[in-house]
Amino acid sequence: MKTSIKHFLKLAAGASLAISACGIGPALAQDAPPLPGELVLSDLNTPRGISFDADGNLLVAITGNGGDFALTTKTPEGEAVLNVGLSGEVLSIDADGVSTPVIQGLPSFSSEQETIGLYRAIEHDGSLWLVVSAGGPGQYWADSIVELDGETKMVKNVIPFYPYEVANNPDGNELDSNVTDIAWDSEGTLYVADAGANTLYSWTEEGGIEVVTTWPENSVPTSIEIAENGDLYVGFLGEGLAPGAAKIERWSNGELAETFSGLNTVTDILLDGETLYAVELVLFGEQGPGPGRVVTVTAEGATPIAEGLMAPFAIAKGPDGSLYVSFGTIAFAPGMTGGIVKLAQ
């Protein structure tokens, strides 16, 4: 079966050994490793993407915890029941740590193993862009990029990727879409990483969706950054989800120029000048997946800068020069929540 990031979250959360590997009892999230920095906000239900807006506020995409409506849906494994609700939201955290809802009531789809829905919220060129991976046909904003007016928060554009996958299937594997990250180049072209389709897309309002490159071996691209010189950096969860199978590729002028290999389950990357950061969702031990970390990546390898993070997902640099990371994107124990940490400098 083809693996996307949402499928991996289900596998990781369902691994019975993951709880003991992470040092958590059935409901004792407080036994998790100490945070490698300052806690900015806690008790978040499935925090995922983070970014900063033009005013320096931290935007947090909250996938939520589902709801009370039972929805039966078809999956590659058969039928599954999702608990659906409107618990997804976008939060804004100011410099004083005050949290304010920007958007509430976004669809959230939860099962015992995973929660899917909103992945990222990014301000760009006067709009608020939402990356939504809801899980399948018929689900609200399923596998779409949604552009909202920055002031009114009214919908301006909905760019659905699952129909393109059905019509074209770029990687030639089983049909799947799981949009996970976006970035813009200097000319305003939008680039989209689709972990389910194993494809990097571009999009313009005039030209629509186009394939930039695809990875038929199922490398699971999760994240995209664009350098000032136009080079594309793409992070990958990794083929086969094996230890050391994750990587980051640098593409220049349409050609693969460099590969940073030997990483683990990369869910996000950040390019800060010449410094390349990666978030590793989990590290694999003898008993299964354990706490993740943040690393800097060079041609010589990866250097940890923050370890012992419970299921970290996304990274962003604030106007204060500090690095912020979302964690707890997988609930390894019932009732476990996540948060945002400001890494120690």
# chains A, B, ... in the order shown; residues from 1 in each chain; ligands from 1
>>> residues_around(residues="range 186-190 of chain A", least_positions_apart="6", cutoff="6 Å", atoms="only C-alpha atoms", output="short mmCIF file (atom, residue, chain, number, x, y, z; two decimals) with N, CA and C atoms, in the first residue's frame")
data_model
loop_
_atom_site.label_atom_id
_atom_site.label_comp_id
_atom_site.auth_asym_id
_atom_site.auth_seq_id
_atom_site.Cartn_x
_atom_site.Cartn_y
_atom_site.Cartn_z
N SER A 202 3.14 22.80 -9.26
CA SER A 202 3.09 24.24 -9.29
C SER A 202 1.68 24.65 -9.66
N TRP A 203 1.30 25.89 -9.28
CA TRP A 203 -0.04 26.38 -9.60
C TRP A 203 0.01 27.88 -9.82
N THR A 204 -0.64 28.33 -10.87
CA THR A 204 -0.93 29.74 -11.07
C THR A 204 -2.40 29.85 -11.45
#
>>> closest_atom_pairs(of="range 205-229 of chain A", to="range 234-254 of chain A", cutoff="8 Å", atoms="only C-alpha atoms", output="tab-separated table")
residue	atom	partner	partner_atom	distance
A:Glu217	CA	A:Glu239	CA	6.9
A:Asn218	CA	A:Glu239	CA	5.5
A:Ser219	CA	A:Glu239	CA	4.3
A:Val220	CA	A:Phe236	CA	5.4
A:Pro221	CA	A:Phe236	CA	4.2
A:Thr222	CA	A:Phe236	CA	5.3
A:Ser223	CA	A:Gly235	CA	4.9
A:Ile224	CA	A:Val234	CA	4.7
A:Glu225	CA	A:Val234	CA	6.6
>>> closest_residue(among="A:Leu39, A:Ile122, A:Val295, A:Val158", to="Gly208 in chain A", atoms="only C-alpha atoms")
A:Val158
>>> select_by_dssp(residues="range 130-187 of chain A", states="alpha helix (DSSP H)", output="PyMOL selection string")
chain A and resi 162-168
>>> residues_around(residues="Asp149 in chain A", least_positions_apart="3", cutoff="8 Å", atoms="only C-alpha atoms", output="list in words")
Gly126, Ser127, Leu128, Thr152, Lys153, Met154, Val155 and Lys156 of chain A
>>> write_last_selection(atoms="C-alpha atoms", output="PDB file, in the first residue's frame")
ATOM      1  CA  GLY A 126      -2.790  39.746   1.519  1.00  0.00           C
ATOM      2  CA  SER A 127      -4.427  36.320   1.707  1.00  0.00           C
ATOM      3  CA  LEU A 128      -4.543  33.536   4.274  1.00  0.00           C
ATOM      4  CA  THR A 152     -12.756  39.248   5.572  1.00  0.00           C
ATOM      5  CA  LYS A 153     -11.616  35.596   5.733  1.00  0.00           C
ATOM      6  CA  MET A 154     -14.036  34.876   2.890  1.00  0.00           C
ATOM      7  CA  VAL A 155     -13.075  32.189   0.356  1.00  0.00           C
ATOM      8  CA  LYS A 156     -11.312  33.466  -2.767  1.00  0.00           C
TER       9      LYS A 156
END
>>> closest_residue(among="A:Ile116, A:Ile315, A:Ile93, A:Ile269", to="Asp53 in chain A", atoms="only C-alpha atoms")
A:Ile93
>>> residues_around(residues="range 76-91 of chain A", least_positions_apart="3", cutoff="7 Å", atoms="only C-alpha atoms", output="number ranges by chain")
A: 59-73, 99-111, 118, 121
>>> write_last_selection(atoms="N, CA and C atoms", output="short mmCIF file (atom, residue, chain, number, x, y, z; two decimals), in the first residue's frame")
data_model
loop_
_atom_site.label_atom_id
_atom_site.label_comp_id
_atom_site.auth_asym_id
_atom_site.auth_seq_id
_atom_site.Cartn_x
_atom_site.Cartn_y
_atom_site.Cartn_z
N LEU A 59 1.01 32.04 13.66
CA LEU A 59 -0.21 31.36 13.24
C LEU A 59 -0.04 29.86 13.42
N VAL A 60 -1.01 29.24 14.09
CA VAL A 60 -0.95 27.80 14.37
C VAL A 60 -2.16 27.12 13.74
N ALA A 61 -1.90 26.12 12.90
CA ALA A 61 -2.97 25.32 12.31
C ALA A 61 -3.31 24.18 13.27
N ILE A 62 -4.54 24.17 13.77
CA ILE A 62 -5.01 23.15 14.71
C ILE A 62 -5.93 22.20 13.96
N THR A 63 -5.53 20.94 13.85
CA THR A 63 -6.37 19.96 13.16
C THR A 63 -7.62 19.64 13.96
N GLY A 64 -7.54 19.70 15.29
CA GLY A 64 -8.69 19.46 16.15
C GLY A 64 -8.73 18.05 16.69
N ASN A 65 -9.89 17.68 17.22
CA ASN A 65 -10.06 16.32 17.77
C ASN A 65 -11.37 15.70 17.31
N GLY A 66 -11.78 16.03 16.08
CA GLY A 66 -12.99 15.44 15.54
C GLY A 66 -14.23 16.02 16.18
N GLY A 67 -15.23 15.16 16.38
CA GLY A 67 -16.49 15.61 16.96
C GLY A 67 -17.42 14.44 17.20
N ASP A 68 -18.72 14.71 17.26
CA ASP A 68 -19.71 13.70 17.68
C ASP A 68 -20.44 13.04 16.52
N PHE A 69 -20.20 13.51 15.30
CA PHE A 69 -20.89 12.91 14.15
C PHE A 69 -20.08 11.74 13.60
N ALA A 70 -20.69 10.58 13.49
CA ALA A 70 -20.00 9.38 12.99
C ALA A 70 -20.15 9.29 11.48
N LEU A 71 -19.01 9.24 10.79
CA LEU A 71 -18.99 9.16 9.34
C LEU A 71 -18.30 7.87 8.92
N THR A 72 -18.98 7.07 8.11
CA THR A 72 -18.38 5.85 7.57
C THR A 72 -17.76 6.18 6.22
N THR A 73 -16.48 5.86 6.08
CA THR A 73 -15.76 6.18 4.85
C THR A 73 -14.98 4.97 4.38
N SER A 99 -3.17 34.19 22.97
CA SER A 99 -3.72 33.43 21.85
C SER A 99 -5.10 33.94 21.48
N THR A 100 -5.33 34.18 20.17
CA THR A 100 -6.61 34.67 19.67
C THR A 100 -7.04 33.82 18.48
N PRO A 101 -8.29 33.34 18.47
CA PRO A 101 -8.76 32.59 17.29
C PRO A 101 -8.85 33.49 16.07
N VAL A 102 -8.34 33.00 14.94
CA VAL A 102 -8.47 33.69 13.66
C VAL A 102 -9.64 33.10 12.89
N ILE A 103 -9.70 31.78 12.84
CA ILE A 103 -10.79 31.04 12.20
C ILE A 103 -11.14 29.87 13.11
N GLN A 104 -12.41 29.66 13.33
CA GLN A 104 -12.87 28.51 14.10
C GLN A 104 -13.89 27.73 13.30
N GLY A 105 -14.18 26.51 13.75
CA GLY A 105 -15.22 25.72 13.12
C GLY A 105 -14.81 25.04 11.84
N LEU A 106 -13.50 24.71 11.70
CA LEU A 106 -13.06 23.99 10.51
C LEU A 106 -13.26 22.48 10.71
N PRO A 107 -13.65 21.75 9.65
CA PRO A 107 -13.91 20.32 9.79
C PRO A 107 -12.69 19.54 10.27
N SER A 108 -12.95 18.64 11.20
CA SER A 108 -11.91 17.78 11.78
C SER A 108 -12.43 16.35 11.76
N PHE A 109 -11.58 15.42 11.28
CA PHE A 109 -11.97 14.03 11.11
C PHE A 109 -11.05 13.16 11.98
N SER A 110 -11.62 12.51 12.98
CA SER A 110 -10.80 11.79 13.95
C SER A 110 -11.18 10.32 14.03
N SER A 111 -10.15 9.47 14.17
CA SER A 111 -10.35 8.06 14.48
C SER A 111 -9.49 7.73 15.70
N LEU A 118 -7.15 20.29 8.81
CA LEU A 118 -6.25 21.41 8.52
C LEU A 118 -4.80 21.03 8.81
N ALA A 121 -1.58 26.95 7.89
CA ALA A 121 -2.20 28.24 7.64
C ALA A 121 -1.07 29.25 7.43
#
>>> atom_distance(atom1="CA of Ala195 in chain A", atom2="CA of Gly338 in chain A")
22.9 Å
>>> atom_distance(atom1="CA of Ala193 in chain A", atom2="CA of Val212 in chain A")
10.0 Å
>>> closest_residue(among="A:Ile145, A:Val211, A:Val282, A:Ile50", to="Leu270 in chain A", atoms="only C-alpha atoms")
A:Ile50
>>> residues_around(residues="range 297-307 of chain A", least_positions_apart="6", cutoff="8 Å", atoms="only C-alpha atoms", output="VMD selection string")
chain A and resid 36 260 to 263 275 to 278 291 343
>>> select_by_dssp(residues="range 41-116 of chain A", states="strand (DSSP E or B)", output="compact mmCIF listing (two decimals) with N, CA and C atoms, in the first residue's frame")
# COMPACT_ATOMS: atom_id res chain seq x y z
N LEU A 41 2.55 27.68 24.18
CA LEU A 41 1.13 27.40 24.30
C LEU A 41 0.96 25.89 24.41
N SER A 42 0.04 25.47 25.28
CA SER A 42 -0.16 24.03 25.50
C SER A 42 -1.62 23.66 25.34
N ASP A 43 -1.92 22.39 25.57
CA ASP A 43 -3.28 21.85 25.51
C ASP A 43 -3.94 22.08 24.15
N LEU A 44 -3.17 21.91 23.08
CA LEU A 44 -3.69 22.03 21.73
C LEU A 44 -4.02 20.65 21.17
N PRO A 47 -1.83 20.05 16.99
CA PRO A 47 -1.22 21.18 16.28
C PRO A 47 -0.34 20.69 15.14
N ARG A 48 -0.38 21.39 14.01
CA ARG A 48 0.44 20.99 12.87
C ARG A 48 1.26 22.18 12.38
N GLY A 49 0.93 22.76 11.24
CA GLY A 49 1.77 23.80 10.67
C GLY A 49 1.79 25.09 11.48
N ILE A 50 2.95 25.76 11.49
CA ILE A 50 3.08 27.07 12.12
C ILE A 50 3.79 28.02 11.16
N SER A 51 3.46 29.31 11.27
CA SER A 51 4.08 30.33 10.43
C SER A 51 3.87 31.68 11.11
N PHE A 52 4.58 32.69 10.63
CA PHE A 52 4.42 34.04 11.18
C PHE A 52 3.77 34.94 10.13
N LEU A 58 2.33 34.55 15.58
CA LEU A 58 2.51 33.14 15.21
C LEU A 58 1.16 32.52 14.89
N LEU A 59 1.01 32.04 13.66
CA LEU A 59 -0.21 31.36 13.24
C LEU A 59 -0.04 29.86 13.42
N VAL A 60 -1.01 29.24 14.09
CA VAL A 60 -0.95 27.80 14.37
C VAL A 60 -2.16 27.12 13.74
N ALA A 61 -1.90 26.12 12.90
CA ALA A 61 -2.97 25.32 12.31
C ALA A 61 -3.31 24.18 13.27
N ILE A 62 -4.54 24.17 13.77
CA ILE A 62 -5.01 23.15 14.71
C ILE A 62 -5.93 22.20 13.96
N PHE A 69 -20.20 13.51 15.30
CA PHE A 69 -20.89 12.91 14.15
C PHE A 69 -20.08 11.74 13.60
N ALA A 70 -20.69 10.58 13.49
CA ALA A 70 -20.00 9.38 12.99
C ALA A 70 -20.15 9.29 11.48
N LEU A 71 -19.01 9.24 10.79
CA LEU A 71 -18.99 9.16 9.34
C LEU A 71 -18.30 7.87 8.92
N THR A 72 -18.98 7.07 8.11
CA THR A 72 -18.38 5.85 7.57
C THR A 72 -17.76 6.18 6.22
N THR A 73 -16.48 5.86 6.08
CA THR A 73 -15.76 6.18 4.85
C THR A 73 -14.98 4.97 4.38
N LYS A 74 -14.66 4.93 3.10
CA LYS A 74 -13.89 3.83 2.53
C LYS A 74 -12.41 4.17 2.55
N THR A 75 -11.58 3.22 2.94
CA THR A 75 -10.14 3.37 2.95
C THR A 75 -9.53 2.19 2.20
N GLY A 78 -10.40 -0.93 3.88
CA GLY A 78 -11.81 -1.26 4.04
C GLY A 78 -12.55 -0.05 4.61
N GLU A 79 -13.72 -0.28 5.18
CA GLU A 79 -14.49 0.81 5.76
C GLU A 79 -13.94 1.22 7.12
N ALA A 80 -14.04 2.51 7.40
CA ALA A 80 -13.59 3.04 8.69
C ALA A 80 -14.60 4.08 9.15
N VAL A 81 -14.70 4.23 10.46
CA VAL A 81 -15.61 5.21 11.05
C VAL A 81 -14.79 6.37 11.59
N LEU A 82 -15.13 7.58 11.13
CA LEU A 82 -14.48 8.79 11.61
C LEU A 82 -15.46 9.58 12.46
N ASN A 83 -14.96 10.14 13.56
CA ASN A 83 -15.76 11.05 14.37
C ASN A 83 -15.51 12.47 13.87
N VAL A 84 -16.54 13.09 13.33
CA VAL A 84 -16.40 14.35 12.62
C VAL A 84 -17.01 15.50 13.43
N GLY A 85 -16.32 16.61 13.43
CA GLY A 85 -16.82 17.80 14.08
C GLY A 85 -16.17 19.04 13.51
N LEU A 86 -16.39 20.17 14.15
CA LEU A 86 -15.86 21.45 13.69
C LEU A 86 -14.84 21.99 14.68
N SER A 87 -13.90 21.12 15.09
CA SER A 87 -12.91 21.50 16.10
C SER A 87 -11.60 22.01 15.51
N GLY A 88 -11.48 22.07 14.18
CA GLY A 88 -10.30 22.64 13.55
C GLY A 88 -10.32 24.16 13.64
N GLU A 89 -9.14 24.76 13.76
CA GLU A 89 -9.09 26.22 13.87
C GLU A 89 -7.69 26.74 13.56
N VAL A 90 -7.62 28.04 13.35
CA VAL A 90 -6.35 28.75 13.22
C VAL A 90 -6.24 29.71 14.39
N LEU A 91 -5.12 29.61 15.12
CA LEU A 91 -4.87 30.49 16.25
C LEU A 91 -3.76 31.47 15.91
N SER A 92 -3.83 32.66 16.50
CA SER A 92 -2.78 33.67 16.37
C SER A 92 -2.23 33.95 17.76
N ILE A 93 -0.90 33.84 17.92
CA ILE A 93 -0.25 34.08 19.20
C ILE A 93 0.63 35.31 19.06
N SER A 99 -3.17 34.19 22.97
CA SER A 99 -3.72 33.43 21.85
C SER A 99 -5.10 33.94 21.48
N THR A 100 -5.33 34.18 20.17
CA THR A 100 -6.61 34.67 19.67
C THR A 100 -7.04 33.82 18.48
N PRO A 101 -8.29 33.34 18.47
CA PRO A 101 -8.76 32.59 17.29
C PRO A 101 -8.85 33.49 16.07
N VAL A 102 -8.34 33.00 14.94
CA VAL A 102 -8.47 33.69 13.66
C VAL A 102 -9.64 33.10 12.89
N ILE A 103 -9.70 31.78 12.84
CA ILE A 103 -10.79 31.04 12.20
C ILE A 103 -11.14 29.87 13.11
N GLN A 104 -12.41 29.66 13.33
CA GLN A 104 -12.87 28.51 14.10
C GLN A 104 -13.89 27.73 13.30
N GLY A 105 -14.18 26.51 13.75
CA GLY A 105 -15.22 25.72 13.12
C GLY A 105 -14.81 25.04 11.84
N LEU A 106 -13.50 24.71 11.70
CA LEU A 106 -13.06 23.99 10.51
C LEU A 106 -13.26 22.48 10.71
N PRO A 107 -13.65 21.75 9.65
CA PRO A 107 -13.91 20.32 9.79
C PRO A 107 -12.69 19.54 10.27
N SER A 108 -12.95 18.64 11.20
CA SER A 108 -11.91 17.78 11.78
C SER A 108 -12.43 16.35 11.76
N PHE A 109 -11.58 15.42 11.28
CA PHE A 109 -11.97 14.03 11.11
C PHE A 109 -11.05 13.16 11.98
N SER A 110 -11.62 12.51 12.98
CA SER A 110 -10.80 11.79 13.95
C SER A 110 -11.18 10.32 14.03
N THR A 115 -5.96 12.03 13.44
CA THR A 115 -6.89 13.11 13.17
C THR A 115 -6.41 13.83 11.92
N ILE A 116 -7.31 14.09 11.00
CA ILE A 116 -6.95 14.75 9.75
C ILE A 116 -7.86 15.95 9.54
>>> closest_residue(among="A:Leu281, A:Ala197, A:Leu130, A:Ala314", to="Ile330 in chain A", atoms="only C-alpha atoms")
A:Leu281
>>> atom_distance(atom1="CA of Val132 in chain A", atom2="CA of Gly292 in chain A")
23.7 Å
>>> closest_residue(among="A:Ile159, A:Gly196, A:Asn229, A:Tyr164", to="Ser177 in chain A", atoms="only C-alpha atoms")
A:Gly196
>>> closest_residue(among="A:Ala167, A:Leu323, A:Val341, A:Leu175", to="Leu309 in chain A", atoms="only C-alpha atoms")
A:Val341
>>> decode(residues="range 236-255 of chain A", atoms="N, CA and C atoms", output="JSON list (two decimals), in the first residue's frame")
[["chain", "number", "residue", "atom", "x", "y", "z"],
["A", 236, "PHE", "N", 11.30, 14.89, 2.78],
["A", 236, "PHE", "CA", 10.58, 13.64, 2.55],
["A", 236, "PHE", "C", 10.46, 12.83, 3.84],
["A", 237, "LEU", "N", 9.30, 12.20, 3.99],
["A", 237, "LEU", "CA", 9.10, 11.26, 5.10],
["A", 237, "LEU", "C", 9.99, 10.03, 4.92],
["A", 238, "GLY", "N", 10.17, 9.58, 3.68],
["A", 238, "GLY", "CA", 11.09, 8.49, 3.40],
["A", 238, "GLY", "C", 10.41, 7.25, 2.87],
["A", 239, "GLU", "N", 10.99, 6.67, 1.84],
["A", 239, "GLU", "CA", 10.46, 5.45, 1.24],
["A", 239, "GLU", "C", 10.52, 4.30, 2.23],
["A", 240, "GLY", "N", 9.39, 3.64, 2.43],
["A", 240, "GLY", "CA", 9.34, 2.49, 3.32],
["A", 240, "GLY", "C", 9.36, 2.83, 4.80],
["A", 241, "LEU", "N", 9.43, 4.12, 5.15],
["A", 241, "LEU", "CA", 9.40, 4.56, 6.55],
["A", 241, "LEU", "C", 10.47, 3.88, 7.39],
["A", 242, "ALA", "N", 11.60, 3.58, 6.79],
["A", 242, "ALA", "CA", 12.68, 2.89, 7.50],
["A", 242, "ALA", "C", 13.62, 3.91, 8.16],
["A", 243, "PRO", "N", 14.33, 3.51, 9.21],
["A", 243, "PRO", "CA", 15.33, 4.41, 9.81],
["A", 243, "PRO", "C", 16.32, 4.89, 8.76],
["A", 244, "GLY", "N", 16.53, 6.19, 8.71],
["A", 244, "GLY", "CA", 17.48, 6.75, 7.76],
["A", 244, "GLY", "C", 16.96, 6.88, 6.34],
["A", 245, "ALA", "N", 15.68, 6.57, 6.10],
["A", 245, "ALA", "CA", 15.14, 6.60, 4.74],
["A", 245, "ALA", "C", 14.69, 7.99, 4.31],
["A", 246, "ALA", "N", 14.50, 8.90, 5.27],
["A", 246, "ALA", "CA", 14.07, 10.25, 4.92],
["A", 246, "ALA", "C", 15.23, 11.04, 4.32],
["A", 247, "LYS", "N", 14.88, 12.14, 3.64],
["A", 247, "LYS", "CA", 15.91, 12.92, 2.96],
["A", 247, "LYS", "C", 15.39, 14.31, 2.67],
["A", 248, "ILE", "N", 16.30, 15.16, 2.19],
["A", 248, "ILE", "CA", 15.95, 16.47, 1.65],
["A", 248, "ILE", "C", 16.65, 16.58, 0.29],
["A", 249, "GLU", "N", 15.93, 17.01, -0.72],
["A", 249, "GLU", "CA", 16.52, 17.21, -2.03],
["A", 249, "GLU", "C", 16.55, 18.70, -2.37],
["A", 250, "ARG", "N", 17.62, 19.10, -3.06],
["A", 250, "ARG", "CA", 17.70, 20.46, -3.59],
["A", 250, "ARG", "C", 17.65, 20.39, -5.11],
["A", 251, "TRP", "N", 16.69, 21.11, -5.68],
["A", 251, "TRP", "CA", 16.52, 21.15, -7.12],
["A", 251, "TRP", "C", 16.90, 22.53, -7.64],
["A", 252, "SER", "N", 17.68, 22.58, -8.70],
["A", 252, "SER", "CA", 18.13, 23.84, -9.28],
["A", 252, "SER", "C", 17.91, 23.82, -10.78],
["A", 253, "ASN", "N", 17.18, 24.81, -11.29],
["A", 253, "ASN", "CA", 16.92, 24.90, -12.73],
["A", 253, "ASN", "C", 16.31, 23.61, -13.28],
["A", 254, "GLY", "N", 15.42, 23.02, -12.51],
["A", 254, "GLY", "CA", 14.71, 21.83, -12.97],
["A", 254, "GLY", "C", 15.47, 20.53, -12.84],
["A", 255, "GLU", "N", 16.67, 20.57, -12.26],
["A", 255, "GLU", "CA", 17.47, 19.36, -12.11],
["A", 255, "GLU", "C", 17.78, 19.10, -10.64]]
